[in-house]
Amino acid sequence: MLTENQRLRGLVEGFSPSVSVECAQTPPSSWYTDPAIAELERTSVFRQHWLAVCCLDQLREPGSYVSGNLAGEPYVVLRDEEGGLRAFYNVCQHHGACIVEGSGKAKSLTCSYHGWIYGLDGDLSKAPQVGAIKDFHRSDFGLKPIMVRAWGPMVFLFLGDGEPPDLEAQLSPLAERLDEFGGDLIHRHRKVYNLDCNWKVFSDNYLDGGYHVDTIHPSLATELDTGGYKIETFDTFSIQSCPSSKTADGRLGNGALYAYVHPNLMLNRYGPILDVNIVIPQGHGRCKVIFDYLFEEGPEIDDAFVEDCIARSHQVQLEDV
């Protein structure tokens with residue numbers, strides 16, 4: 001009888017990444033349905049790469065924060081009092097309670113369980129009623145830091161051990177392509193979808209090269225010249241691009257760029273808009289997808305335009321679901 005490690009190795013080796021696209025098969029169904037594969041991905045994929053968590057514009061002011069959970073690890077990323085970018089495990093060092101939820105702005109981080117208070121630098125500033133405990137030193141109970149980087153419009157975390165990959169070097173060709181669109185971007189909206197599918201199903205749909213656009217997205221199809229669809233692959237990301245059609249209403253500008261950054265970030269740039277998709281596994285059969293919408297500033301970018309763009313994006317998402 002096979003051991004669990006032998007079984008798992010057999011599942012992983014059931015797909016060869018060296019086969020050419022023309023001869024390749026899809027990955028085994030077990031990669032989407034087996035809880036052991038999901039656990040392997042948590043440690044070997046999501047803890048070994050930089051992971052996008054939010055838009056930099058969401059952390060514009062000191063005290064602003066965004067929290068969440070990645071690869072089973074609760075995090076909070078914030079601006080400290082000096083304007084520096086910091087990230088911590090969102091876990092009180094007393095009894096392990098989650099300290100903050102969602103996003104917002106605060107002068108300090110207060111645990112709702114026993115009221116321990118942490119500064120924006122992660123140091124424990126107050127622990128009520130523990131003064132009588134011998135050898136208690138507040139400096140020993142600060143929040144545990146997480147490596148954090150800003151790249152372009154995004155904030156990334158690295159949850160693994162050791163030296164992380166060089167994020168800037170990996171994504172520099174993508175940065176050049178995004179810079180061609182120009183314009184400062186302002187975060188306007190965040191929307192979350194909870195889906196009954198493996199996270200790779202969502203990713204596969206995104207990466208299928210526009211193959212389903214004509215059949216699944218009839219409205220979007222009228223705005224794109226799919227005959228000019230192009231796919232480029234790089235070491236850790238891919239770019240799909242497509243010019244806009246002659247019948248497009250101008251929202252897409254000259255065309256759209258869809259970038260997929262391994263393992264779970266999608267950047268969709270068109271016209272004056274960047275919408276960001278972050279897919280997060282929630283076990284082997286569920287995932288959460290965070291949509292963040294950023295817009296350039298200008299007199300034509302009013303609330304009605306923003307609401308219309310978000311509504312169109314929502315329709316596309318419903319069609320994909």
# chains A, B, ... in the order shown; residues from 1 in each chain; ligands from 1

$ residues_around --residues "region 172-188 of chain A" --least-positions-apart "2" --cutoff "9 Å" --atoms "only C-alpha atoms" --output "number ranges by chain"
A: 55-58, 151-153, 167-170, 190, 234, 237-239, 257, 259, 269-274, 292-297, 306

$ write_last_selection --atoms "C-alpha atoms" --output "short mmCIF file (atom, residue, chain, number, x, y, z; two decimals), in the first residue's frame"
data_model
loop_
_atom_site.label_atom_id
_atom_site.label_comp_id
_atom_site.auth_asym_id
_atom_site.auth_seq_id
_atom_site.Cartn_x
_atom_site.Cartn_y
_atom_site.Cartn_z
CA CYS A 55 -3.62 48.36 -3.31
CA LEU A 56 -1.02 50.84 -2.14
CA ASP A 57 -3.58 53.63 -2.37
CA GLN A 58 -5.61 51.94 0.39
CA TRP A 151 5.43 47.33 -6.21
CA GLY A 152 3.61 49.58 -8.65
CA PRO A 153 0.06 50.04 -7.35
CA LEU A 167 10.06 41.02 -6.68
CA GLU A 168 11.20 44.11 -8.58
CA ALA A 169 13.49 42.13 -10.89
CA GLN A 170 10.79 39.54 -11.60
CA ARG A 190 -13.50 46.85 -3.22
CA PHE A 234 7.40 35.38 -18.90
CA PHE A 237 3.74 36.29 -15.16
CA SER A 238 1.87 36.38 -18.45
CA ILE A 239 0.26 39.18 -20.43
CA LEU A 257 -4.02 44.44 -21.00
CA ALA A 259 -1.62 40.43 -16.61
CA ARG A 269 -5.62 47.75 -17.35
CA TYR A 270 -7.78 49.54 -19.90
CA GLY A 271 -8.55 53.19 -20.59
CA PRO A 272 -8.36 55.15 -17.32
CA ILE A 273 -9.04 52.03 -15.22
CA LEU A 274 -7.12 49.34 -13.37
CA ASP A 292 -10.19 46.31 -6.24
CA TYR A 293 -11.03 49.13 -8.63
CA LEU A 294 -8.67 52.04 -9.29
CA PHE A 295 -9.36 55.00 -11.57
CA GLU A 296 -7.37 57.89 -12.94
CA GLU A 297 -8.48 61.34 -11.82
CA VAL A 306 -17.18 54.65 -11.86
#

$ closest_residue --among "A:Leu171, A:Met154, A:Val45, A:Met266" --to "Leu59 (chain A)" --atoms "only C-alpha atoms"
A:Met154

$ closest_residue --among "A:Tyr258, A:Phe15, A:Phe46, A:Tyr193" --to "Val276 (chain A)" --atoms "only C-alpha atoms"
A:Tyr258

$ select_by_dssp --residues "region 26-186 of chain A" --states "strand (DSSP E)" --output "number ranges by chain"
A: 51-55, 64-70, 73-79, 85-89, 103-105, 109-110, 117-118, 124-126, 147-151, 154-158, 185-186

$ closest_residue --among "A:Glu4, A:Arg138, A:Gly63, A:Ser313" --to "Glu82 (chain A)" --atoms "only C-alpha atoms"
A:Gly63

$ select_by_dssp --residues "region 45-236 of chain A" --states "helix (DSSP H, G or I)" --output "VMD selection string"
chain A and resid 56 to 59 138 to 140 167 to 179 199 to 206 213 to 216 218 to 223 226 to 228

$ closest_residue --among "A:Val201, A:Leu11, A:Leu267, A:Ala106" --to "Leu120 (chain A)" --atoms "only C-alpha atoms"
A:Ala106

$ residues_around --residues "Pro263 (chain A)" --least-positions-apart "6" --cutoff "10 Å" --atoms "only C-alpha atoms" --output "number ranges by chain"
A: 45-46, 48-52, 200, 203, 236-237, 278-280

$ write_last_selection --atoms "C-alpha atoms" --output "PDB file, in the first residue's frame"
ATOM      1  CA  VAL A  45       3.251  27.718  -3.559  1.00  0.00           C
ATOM      2  CA  PHE A  46       1.667  30.351  -1.340  1.00  0.00           C
ATOM      3  CA  GLN A  48       7.225  30.573  -1.381  1.00  0.00           C
ATOM      4  CA  HIS A  49       6.133  33.585  -3.450  1.00  0.00           C
ATOM      5  CA  TRP A  50       5.279  37.230  -2.937  1.00  0.00           C
ATOM      6  CA  LEU A  51       1.504  37.537  -2.536  1.00  0.00           C
ATOM      7  CA  ALA A  52      -0.505  40.655  -3.348  1.00  0.00           C
ATOM      8  CA  LYS A 200      -7.180  27.278  -9.944  1.00  0.00           C
ATOM      9  CA  SER A 203      -7.238  31.210 -12.614  1.00  0.00           C
ATOM     10  CA  THR A 236       6.523  34.507 -13.284  1.00  0.00           C
ATOM     11  CA  PHE A 237       3.736  36.288 -15.160  1.00  0.00           C
ATOM     12  CA  ILE A 278      -6.713  38.537  -6.014  1.00  0.00           C
ATOM     13  CA  VAL A 279      -7.832  34.907  -5.697  1.00  0.00           C
ATOM     14  CA  ILE A 280      -7.390  33.263  -2.290  1.00  0.00           C
TER      15      ILE A 280
END

$ residues_around --residues "Ile146 (chain A)" --least-positions-apart "2" --cutoff "8 Å" --atoms "only C-alpha atoms" --output "list in words"
Arg86, Ala87, Phe88, Tyr89, Lys144, Val148, Leu157, Phe158 and Leu159 of chain A
